[in-house]
Amino acid sequence: MSRWTAPNLIAIAALLVAATAPASANTLAHRAPDAPRGPKATGPVNPGFETGDLTGWTATGDAFGPGAVSDTDTYWGGPFHHKGRYHLWGHAAEGDDATGTLTSSSFAAPSRMSFAIAGGWDPDRLYVALVRDSDGRQLLKQTGMDDEAYVRIVWDTGRWRGQAVHLEVVDRKTGGWGHINLDDVRTPNDPVGGDPDQDDNGLTFRTLGQANQPTGHQYAADALRPQFHYTPYQGWINDPNGVVQFRGRHHLFSQHYPDAPLWGPMHWAHADSPDAVRWRELPIALTPAPPATPTDNSGIFSGSAVEDDDGNLTVAYTRFTDTEAHPGAKPETVEIATSTDGVRFGAPREAVAEPPAGSGAGFRDPKVFRDPADNRWKMVVGSGDGGRGRVHLYASDDLRAWTYEGVLTEGDESTGAMWECPDLFPLGDDGTWVLLYSTNEGGESVQRYAVGSYDGGKFTADRHGVLDGGGDSYAAQSYRTGDGRRLMTAWMSDWNVKEPTRVNGWAGAQTLHRELFLRPDGGLGQRPVKEADTLEKDTIASVKDKKVKGGWRLGRGDTARLKAVLDLNATTADTVTVRLKAAPGGAEATELRYRKSAGTLTLDTAGSGYGTADSYTTRVAPAADGTLSLDVLIDRSSVEVFTGDGEALTARVYPRYQESDGVEFAADGGELHIKSATLTAMGSSWSD
Ligand code: FRU
């Protein structure tokens, strides 16, 4: 399958546009009579649709009828975040199936411009383009992100400064997400922000958009791309797969679709690392057959990896077959494939040809492990039936021939109808076993754990918990390292999370690797993998015994680690807040609030910027000496919080402004006593 890059897209688009007529005077018939004309105009007429109609814009087709200018504030997923009263909502007039174009009046290209975009992702059929009047050449283009909420794109247009140009909004897509939204085109008036009259609070927009992304792995240039977390160079990732230490190196595979920042026919991306924090990209490990039909989503779903008895790397995964494209096929089977060099895999072999009875909701995500009880290979597979999630167990002597051993364990109606990505492993040295699974409970993606015992056939839970108290992680998978640690990583997102990074051509990240341990209270604890310390660079700021009333800023850090010890005994405020990715003046921030009287820690993304606005609360126990320790990893569009007692809260956040990198403390109705706090810059996981 072909890869796309920004220059490619522009080239393709230029070809498409060459066939269409450039805007001419008579296509500007709706322009307001007093509007400045032609190349002298500093911007398009009616740049934010604040006339409430299409004044100044010319439509073809039916996608952008008069009803497309809308004053609707919210959609099914929350607020649009448009500017002013009106915006161009490509869905409002004629829905997804309508197609058409909308052309602005002509204006002189400024050196920079910006606009807010939303709607479907499809660089060929849905986009806003900057077009030169003289030859109709498409100079720049930007597609949406399969979300209705606006994200601001900044274009560097200096090369064409002064030339007569216009905007073209193109909708050639029908069906789901077949529309595009546009608002608040800014040409002369502070296109990158800073204008208090435009409600920017004097702040500067981050430079987002496909046109700004360099080719190659120059990750530092992408304002939203985590620097010390695994992300795909382009396209989409979800679940971590096949995590294993093999011949000393840590391997990380990921569910991956290389051709779009959207879920699609699944491949396995591959990276390896000497230390579980510095990653090297390897070739795509597993590739599905070419789609049989345009909508064929068949692919290679989640699975696991082990070092096999021959010392090679064997992976087991779900072969998913889209039965609409392949009538009569089994939708989910288990296959294995082996690599002798840890990079290239041989032909797959079928391991389980069909699901066992009682798999009505699905049968996928095999996790293979060596069972210490009988020294055989075992495999857990996620499933569900009759509204309850369950896990099936298989056994094998050679990883090839598998026998069904029965249901390992199952849930009740409260824990989701299908358990995905099960993982079963011993932890500690007292015979304790842990089960992880991911599920959907009433529309929410949740990762759960159970601590208990395993007798070679059944798992019995003594204790249940939520694996991550934040909202944005899913499909965790663990492995044992050579030095006996149990490391885990998860998809740092889930099926409900908005992915504004799509405007930069990619979506999805994996969490930092974490070490799992049993807490004194019997629950499952986690802490950042100790090798993360080796990414630490300079100290940005450090304090001891600091008393805070109201608010106080420790320093600025966007790719940084905050370690703080709060003395709760000496703190008189009931609620203390750590504000991360905070803009000066409070325009945006991600808040971490501890409430002493309730013993709860809340991660609040309601004011974080673009992305999902939410709030997640978990119970946290202070240490015996009355201190609360926080270890917070901040990485451009992610925040991972670890508490001293082993809780973790993970969220994706997408700030709008360049200045949103403050780390601040605040106390309400009293004083906060910070025993110590250190903010340290973190280095990159990528060698280039
Ligand atoms: C979990 C999951 C798995 C499946 C994979 C497909 O996020 O739904 O059950 O194997 O994603 O990409």
# chains A, B, ... in the order shown; residues from 1 in each chain; ligands from 1
>>> residues_around(residues="Asp625 (chain A)", least_positions_apart="3", cutoff="12 Å", atoms="only C-alpha atoms", output="number ranges by chain")
A: 565-570, 621-622, 628-629, 675
>>> closest_atom_pairs(of="chain A", to="ligand 1", cutoff="7 Å", atoms="only C-alpha atoms and all ligand atoms", output="CSV")
residue,atom,partner,partner_atom_place_in_ligand_line,distance
A:Asn238,CA,ligand 1,12 (O),6.3
A:Asp239,CA,ligand 1,7 (O),5.5
A:Gln255,CA,ligand 1,12 (O),5.6
A:Met266,CA,ligand 1,12 (O),6.2
A:Phe301,CA,ligand 1,10 (O),4.1
A:Ser302,CA,ligand 1,10 (O),3.9
A:Thr318,CA,ligand 1,10 (O),6.6
A:Arg364,CA,ligand 1,10 (O),5.9
A:Asp365,CA,ligand 1,10 (O),5.2
A:Glu420,CA,ligand 1,9 (O),4.5
A:Cys421,CA,ligand 1,9 (O),5.8
A:Tyr474,CA,ligand 1,7 (O),6.7
A:Ala475,CA,ligand 1,7 (O),5.5
>>> residues_around(residues="Thr602 (chain A)", least_positions_apart="4", cutoff="8 Å", atoms="only C-alpha atoms", output="list in words")
Glu591, Leu592, Arg593, Tyr594, Ser615, Tyr616, Thr617 and Thr618 of chain A
>>> write_last_selection(atoms="N, CA, C and O atoms", output="compact mmCIF listing (two decimals), in the first residue's frame")
# COMPACT_ATOMS: atom_id res chain seq x y z
N GLU A 591 -5.63 19.98 35.12
CA GLU A 591 -5.55 20.10 36.58
C GLU A 591 -5.54 18.75 37.26
O GLU A 591 -6.30 17.85 36.92
N LEU A 592 -4.68 18.69 38.27
CA LEU A 592 -4.59 17.52 39.13
C LEU A 592 -4.95 18.01 40.53
O LEU A 592 -4.23 18.83 41.10
N ARG A 593 -6.10 17.57 41.02
CA ARG A 593 -6.59 18.09 42.31
C ARG A 593 -6.65 17.00 43.36
O ARG A 593 -7.26 15.95 43.12
N TYR A 594 -6.04 17.26 44.50
CA TYR A 594 -6.15 16.32 45.61
C TYR A 594 -7.08 16.91 46.66
O TYR A 594 -6.91 18.07 47.06
N SER A 615 -13.08 14.39 33.34
CA SER A 615 -12.51 14.46 34.68
C SER A 615 -12.53 13.06 35.27
O SER A 615 -13.53 12.35 35.15
N TYR A 616 -11.40 12.64 35.83
CA TYR A 616 -11.26 11.27 36.33
C TYR A 616 -10.80 11.33 37.77
O TYR A 616 -9.87 12.06 38.10
N THR A 617 -11.44 10.56 38.61
CA THR A 617 -11.12 10.61 40.04
C THR A 617 -10.78 9.21 40.54
O THR A 617 -11.44 8.24 40.18
N THR A 618 -9.73 9.14 41.35
CA THR A 618 -9.37 7.86 41.94
C THR A 618 -8.99 8.10 43.40
O THR A 618 -8.65 9.21 43.79
>>> closest_atom_pairs(of="region 534-629 of chain A", to="region 78-99 of chain A", cutoff="9 Å", atoms="only C-alpha atoms", output="tab-separated table")
residue	atom	partner	partner_atom	distance
A:Tyr610	CA	A:His81	CA	8.6
A:Thr612	CA	A:Gly78	CA	8.5
A:Ala613	CA	A:Gly78	CA	8.3
>>> write_last_selection(atoms="all heavy atoms", output="PDB file, in the first residue's frame")
ATOM      1  N   TYR A 610      -7.710  21.523  22.941  1.00  0.00           N
ATOM      2  CA  TYR A 610      -8.442  20.641  22.033  1.00  0.00           C
ATOM      3  C   TYR A 610      -8.565  19.273  22.718  1.00  0.00           C
ATOM      4  O   TYR A 610      -7.852  18.978  23.656  1.00  0.00           O
ATOM      5  CB  TYR A 610      -7.686  20.452  20.722  1.00  0.00           C
ATOM      6  CG  TYR A 610      -7.251  21.726  20.041  1.00  0.00           C
ATOM      7  CD1 TYR A 610      -5.911  21.954  19.765  1.00  0.00           C
ATOM      8  CD2 TYR A 610      -8.177  22.685  19.651  1.00  0.00           C
ATOM      9  CE1 TYR A 610      -5.499  23.114  19.120  1.00  0.00           C
ATOM     10  CE2 TYR A 610      -7.770  23.846  19.008  1.00  0.00           C
ATOM     11  CZ  TYR A 610      -6.435  24.055  18.748  1.00  0.00           C
ATOM     12  OH  TYR A 610      -6.034  25.200  18.117  1.00  0.00           O
ATOM     13  N   THR A 612     -10.641  15.708  24.303  1.00  0.00           N
ATOM     14  CA  THR A 612     -11.780  15.319  25.118  1.00  0.00           C
ATOM     15  C   THR A 612     -11.745  16.039  26.466  1.00  0.00           C
ATOM     16  O   THR A 612     -10.739  15.986  27.159  1.00  0.00           O
ATOM     17  CB  THR A 612     -11.744  13.794  25.372  1.00  0.00           C
ATOM     18  OG1 THR A 612     -11.409  13.152  24.143  1.00  0.00           O
ATOM     19  CG2 THR A 612     -13.060  13.283  25.869  1.00  0.00           C
ATOM     20  N   ALA A 613     -12.851  16.693  26.801  1.00  0.00           N
ATOM     21  CA  ALA A 613     -12.953  17.340  28.111  1.00  0.00           C
ATOM     22  C   ALA A 613     -13.537  16.333  29.083  1.00  0.00           C
ATOM     23  O   ALA A 613     -14.627  15.812  28.858  1.00  0.00           O
ATOM     24  CB  ALA A 613     -13.851  18.568  28.007  1.00  0.00           C
TER      25      ALA A 613
END
>>> closest_atom_pairs(of="region 520-634 of chain A", to="region 198-221 of chain A", cutoff="10 Å", atoms="only C-alpha atoms", output="CSV")
residue,atom,partner,partner_atom,distance
A:Ala583,CA,A:Leu203,CA,8.1
A:Pro584,CA,A:Leu203,CA,8.6
A:Gly585,CA,A:Asn201,CA,8.0
A:Gly586,CA,A:Asn201,CA,9.4
A:Ala587,CA,A:Asn201,CA,7.0
>>> residues_around(residues="Gly48 (chain A)", least_positions_apart="6", cutoff="7 Å", atoms="only C-alpha atoms", output="list in words")
His87, Asp183, Asp184 and Val185 of chain A
>>> write_last_selection(atoms="N, CA and C atoms", output="PDB file, in the first residue's frame")
ATOM      1  N   HIS A  87     -20.465  29.413  12.239  1.00  0.00           N
ATOM      2  CA  HIS A  87     -19.365  28.670  11.614  1.00  0.00           C
ATOM      3  C   HIS A  87     -19.940  27.865  10.456  1.00  0.00           C
ATOM      4  N   ASP A 183     -14.024  27.681  10.016  1.00  0.00           N
ATOM      5  CA  ASP A 183     -14.391  28.877  10.769  1.00  0.00           C
ATOM      6  C   ASP A 183     -13.176  29.788  10.939  1.00  0.00           C
ATOM      7  N   ASP A 184     -13.455  31.058  11.152  1.00  0.00           N
ATOM      8  CA  ASP A 184     -12.481  32.037  11.634  1.00  0.00           C
ATOM      9  C   ASP A 184     -11.169  32.033  10.852  1.00  0.00           C
ATOM     10  N   VAL A 185     -11.285  32.303   9.543  1.00  0.00           N
ATOM     11  CA  VAL A 185     -10.070  32.436   8.727  1.00  0.00           C
ATOM     12  C   VAL A 185      -9.408  33.758   9.116  1.00  0.00           C
TER      13      VAL A 185
END
>>> atom_distance(atom1="CA of Pro261 (chain A)", atom2="CA of Arg112 (chain A)")
26.1 Å
>>> closest_residue(among="A:Leu601, A:Met379, A:Leu126, A:Val334", to="Ala351 (chain A)", atoms="only C-alpha atoms")
A:Val334
>>> residues_around(residues="Gly311 (chain A)", least_positions_apart="6", cutoff="9 Å", atoms="only C-alpha atoms", output="ChimeraX atom specification")
/A:246-247,340
